[in-house]
Amino acid sequence: KKGEAIGTRVGDLERGSLGSHLGLVTGDIITAINGVPAQSAQDRMKIYKEITALKDGDSFAITLLRRKQPIQLVYTFKKFGKQPKDIIP
């Protein structure tokens, strides 16, 4: 309905930002993350708590509207560390 929040709009993204690496586009409206609506500050706090509790190998999904079309993006956390070539003897 008009005037009701349906999600969180993605603002300007800088090249190389986390949002751009995740495939988000300026103007996207994130409607949910892992099924949790992204409409209110309380929703976003719940999302934050869920995302920060994820472990290596866990997945999460972002549901959004892009140009009024629904899209779901799914990601898997991967532990990053020093690669053998980066280790100095």
# chains A, B, ... in the order shown; residues from 1 in each chain; ligands from 1
call {"tool": "residues_around", "arguments": {"residues": "Ile71 in chain A", "least_positions_apart": "2", "cutoff": "12 Å", "atoms": "only C-alpha atoms", "output": "PDB file with N, CA, C and O atoms, in the first residue's frame"}}
result
ATOM      1  N   GLY A  23      26.558  -7.650  -5.251  1.00  0.00           N
ATOM      2  CA  GLY A  23      25.681  -7.579  -6.410  1.00  0.00           C
ATOM      3  C   GLY A  23      24.495  -6.658  -6.238  1.00  0.00           C
ATOM      4  O   GLY A  23      23.578  -6.664  -7.052  1.00  0.00           O
ATOM      5  N   LEU A  24      24.502  -5.863  -5.165  1.00  0.00           N
ATOM      6  CA  LEU A  24      23.423  -4.900  -4.970  1.00  0.00           C
ATOM      7  C   LEU A  24      23.605  -3.734  -5.924  1.00  0.00           C
ATOM      8  O   LEU A  24      24.726  -3.432  -6.346  1.00  0.00           O
ATOM      9  N   VAL A  25      22.502  -3.088  -6.266  1.00  0.00           N
ATOM     10  CA  VAL A  25      22.499  -1.973  -7.199  1.00  0.00           C
ATOM     11  C   VAL A  25      21.755  -0.808  -6.548  1.00  0.00           C
ATOM     12  O   VAL A  25      20.744  -1.013  -5.869  1.00  0.00           O
ATOM     13  N   ASP A  28      17.930  -0.673  -5.463  1.00  0.00           N
ATOM     14  CA  ASP A  28      17.332  -1.934  -5.009  1.00  0.00           C
ATOM     15  C   ASP A  28      16.596  -1.686  -3.704  1.00  0.00           C
ATOM     16  O   ASP A  28      17.010  -0.848  -2.896  1.00  0.00           O
ATOM     17  N   ILE A  29      15.533  -2.428  -3.483  1.00  0.00           N
ATOM     18  CA  ILE A  29      14.819  -2.371  -2.210  1.00  0.00           C
ATOM     19  C   ILE A  29      14.931  -3.750  -1.570  1.00  0.00           C
ATOM     20  O   ILE A  29      14.356  -4.723  -2.088  1.00  0.00           O
ATOM     21  N   ILE A  30      15.707  -3.835  -0.485  1.00  0.00           N
ATOM     22  CA  ILE A  30      15.864  -5.097   0.229  1.00  0.00           C
ATOM     23  C   ILE A  30      14.592  -5.303   1.050  1.00  0.00           C
ATOM     24  O   ILE A  30      14.270  -4.496   1.915  1.00  0.00           O
ATOM     25  N   THR A  31      13.880  -6.388   0.743  1.00  0.00           N
ATOM     26  CA  THR A  31      12.627  -6.650   1.443  1.00  0.00           C
ATOM     27  C   THR A  31      12.795  -7.627   2.605  1.00  0.00           C
ATOM     28  O   THR A  31      12.023  -7.589   3.559  1.00  0.00           O
ATOM     29  N   ALA A  32      13.816  -8.491   2.525  1.00  0.00           N
ATOM     30  CA  ALA A  32      14.053  -9.452   3.606  1.00  0.00           C
ATOM     31  C   ALA A  32      15.462 -10.026   3.493  1.00  0.00           C
ATOM     32  O   ALA A  32      16.040 -10.063   2.397  1.00  0.00           O
ATOM     33  N   ILE A  33      15.973 -10.447   4.619  1.00  0.00           N
ATOM     34  CA  ILE A  33      17.238 -11.185   4.657  1.00  0.00           C
ATOM     35  C   ILE A  33      16.977 -12.409   5.518  1.00  0.00           C
ATOM     36  O   ILE A  33      16.529 -12.295   6.668  1.00  0.00           O
ATOM     37  N   ALA A  61      20.224 -15.486   2.537  1.00  0.00           N
ATOM     38  CA  ALA A  61      19.578 -15.011   1.309  1.00  0.00           C
ATOM     39  C   ALA A  61      19.084 -13.582   1.492  1.00  0.00           C
ATOM     40  O   ALA A  61      18.565 -13.224   2.546  1.00  0.00           O
ATOM     41  N   ILE A  62      19.278 -12.787   0.454  1.00  0.00           N
ATOM     42  CA  ILE A  62      18.744 -11.429   0.411  1.00  0.00           C
ATOM     43  C   ILE A  62      17.629 -11.425  -0.632  1.00  0.00           C
ATOM     44  O   ILE A  62      17.843 -11.808  -1.782  1.00  0.00           O
ATOM     45  N   THR A  63      16.438 -11.040  -0.201  1.00  0.00           N
ATOM     46  CA  THR A  63      15.303 -10.909  -1.106  1.00  0.00           C
ATOM     47  C   THR A  63      15.117  -9.416  -1.367  1.00  0.00           C
ATOM     48  O   THR A  63      15.110  -8.618  -0.433  1.00  0.00           O
ATOM     49  N   LEU A  64      15.015  -9.051  -2.640  1.00  0.00           N
ATOM     50  CA  LEU A  64      14.919  -7.631  -2.974  1.00  0.00           C
ATOM     51  C   LEU A  64      14.054  -7.411  -4.188  1.00  0.00           C
ATOM     52  O   LEU A  64      13.702  -8.352  -4.897  1.00  0.00           O
ATOM     53  N   LEU A  65      13.726  -6.157  -4.382  1.00  0.00           N
ATOM     54  CA  LEU A  65      13.040  -5.719  -5.599  1.00  0.00           C
ATOM     55  C   LEU A  65      14.022  -4.882  -6.400  1.00  0.00           C
ATOM     56  O   LEU A  65      14.627  -3.954  -5.869  1.00  0.00           O
ATOM     57  N   ARG A  66      14.173  -5.237  -7.654  1.00  0.00           N
ATOM     58  CA  ARG A  66      15.009  -4.444  -8.565  1.00  0.00           C
ATOM     59  C   ARG A  66      14.142  -4.098  -9.757  1.00  0.00           C
ATOM     60  O   ARG A  66      13.675  -4.982 -10.467  1.00  0.00           O
ATOM     61  N   ARG A  67      13.916  -2.800  -9.922  1.00  0.00           N
ATOM     62  CA  ARG A  67      13.004  -2.321 -10.970  1.00  0.00           C
ATOM     63  C   ARG A  67      11.649  -3.028 -10.870  1.00  0.00           C
ATOM     64  O   ARG A  67      11.107  -3.505 -11.856  1.00  0.00           O
ATOM     65  N   LYS A  68      11.171  -3.162  -9.626  1.00  0.00           N
ATOM     66  CA  LYS A  68       9.875  -3.756  -9.284  1.00  0.00           C
ATOM     67  C   LYS A  68       9.804  -5.262  -9.519  1.00  0.00           C
ATOM     68  O   LYS A  68       8.743  -5.866  -9.382  1.00  0.00           O
ATOM     69  N   GLN A  69      10.937  -5.883  -9.862  1.00  0.00           N
ATOM     70  CA  GLN A  69      10.969  -7.333 -10.068  1.00  0.00           C
ATOM     71  C   GLN A  69      11.628  -8.006  -8.863  1.00  0.00           C
ATOM     72  O   GLN A  69      12.705  -7.583  -8.430  1.00  0.00           O
ATOM     73  N   LEU A  73      19.078 -13.281  -3.853  1.00  0.00           N
ATOM     74  CA  LEU A  73      20.514 -13.518  -3.948  1.00  0.00           C
ATOM     75  C   LEU A  73      20.907 -14.378  -2.754  1.00  0.00           C
ATOM     76  O   LEU A  73      20.532 -14.077  -1.624  1.00  0.00           O
ATOM     77  N   VAL A  74      21.658 -15.452  -3.005  1.00  0.00           N
ATOM     78  CA  VAL A  74      22.061 -16.357  -1.927  1.00  0.00           C
ATOM     79  C   VAL A  74      23.590 -16.358  -1.846  1.00  0.00           C
ATOM     80  O   VAL A  74      24.279 -16.435  -2.859  1.00  0.00           O
TER      81      VAL A  74
END
call {"tool": "select_by_dssp", "arguments": {"residues": "chain A", "states": "helix (DSSP H, G or I)", "output": "list in words"}}
result
Leu18, Gly19, Ser20, His21, Ala41, Gln42, Asp43, Arg44, Met45, Lys46, Ile47, Tyr48, Lys49, Glu50, Ile51, Thr52, Pro84, Lys85 and Asp86 of chain A
call {"tool": "residues_around", "arguments": {"residues": "Leu54 in chain A", "least_positions_apart": "5", "cutoff": "10 Å", "atoms": "only C-alpha atoms", "output": "MDAnalysis selection string"}}
result
chainID A and resid 49 59:60 76:77
call {"tool": "write_last_selection", "arguments": {"atoms": "all heavy atoms", "output": "compact mmCIF listing (two decimals), in the first residue's frame"}}
result
# COMPACT_ATOMS: atom_id res chain seq x y z
N LYS A 49 21.78 -9.38 14.07
CA LYS A 49 22.11 -10.44 15.03
C LYS A 49 22.22 -11.80 14.34
O LYS A 49 23.12 -12.59 14.64
CB LYS A 49 21.09 -10.48 16.16
CG LYS A 49 21.21 -9.30 17.10
CD LYS A 49 20.15 -9.33 18.18
CE LYS A 49 20.29 -8.12 19.10
NZ LYS A 49 19.23 -8.11 20.12
N SER A 59 24.89 -20.23 4.92
CA SER A 59 24.37 -19.41 3.82
C SER A 59 23.30 -18.45 4.33
O SER A 59 22.70 -18.68 5.38
CB SER A 59 23.76 -20.29 2.74
OG SER A 59 24.75 -21.10 2.14
N PHE A 60 23.09 -17.39 3.56
CA PHE A 60 22.00 -16.46 3.84
C PHE A 60 21.47 -15.93 2.51
O PHE A 60 22.17 -15.96 1.50
CB PHE A 60 22.42 -15.32 4.78
CG PHE A 60 23.38 -14.34 4.19
CD1 PHE A 60 22.94 -13.13 3.68
CD2 PHE A 60 24.74 -14.61 4.15
CE1 PHE A 60 23.82 -12.20 3.15
CE2 PHE A 60 25.63 -13.69 3.61
CZ PHE A 60 25.18 -12.49 3.12
N THR A 76 27.18 -17.69 0.60
CA THR A 76 27.73 -18.60 1.59
C THR A 76 28.97 -17.96 2.18
O THR A 76 29.84 -17.50 1.43
CB THR A 76 28.09 -19.96 0.95
OG1 THR A 76 26.91 -20.51 0.37
CG2 THR A 76 28.66 -20.92 1.98
N PHE A 77 29.03 -17.94 3.51
CA PHE A 77 30.22 -17.41 4.18
C PHE A 77 31.39 -18.33 3.94
O PHE A 77 31.27 -19.55 4.01
CB PHE A 77 30.00 -17.29 5.70
CG PHE A 77 29.29 -16.05 6.11
CD1 PHE A 77 27.97 -16.09 6.49
CD2 PHE A 77 29.96 -14.84 6.12
CE1 PHE A 77 27.30 -14.94 6.87
CE2 PHE A 77 29.31 -13.69 6.50
CZ PHE A 77 27.98 -13.73 6.87
call {"tool": "select_by_dssp", "arguments": {"residues": "chain A", "states": "strand (DSSP E or B)", "output": "ChimeraX atom specification"}}
result
/A:8-9,29-33,36-37,59-66,69-76
call {"tool": "atom_distance", "arguments": {"atom1": "CA of Ser40 in chain A", "atom2": "CA of Thr8 in chain A"}}
result
8.5 Å
call {"tool": "closest_residue", "arguments": {"among": "A:Thr26, A:Ser20, A:Gln72, A:Asn34", "to": "Ile51 in chain A", "atoms": "only C-alpha atoms"}}
result
A:Asn34
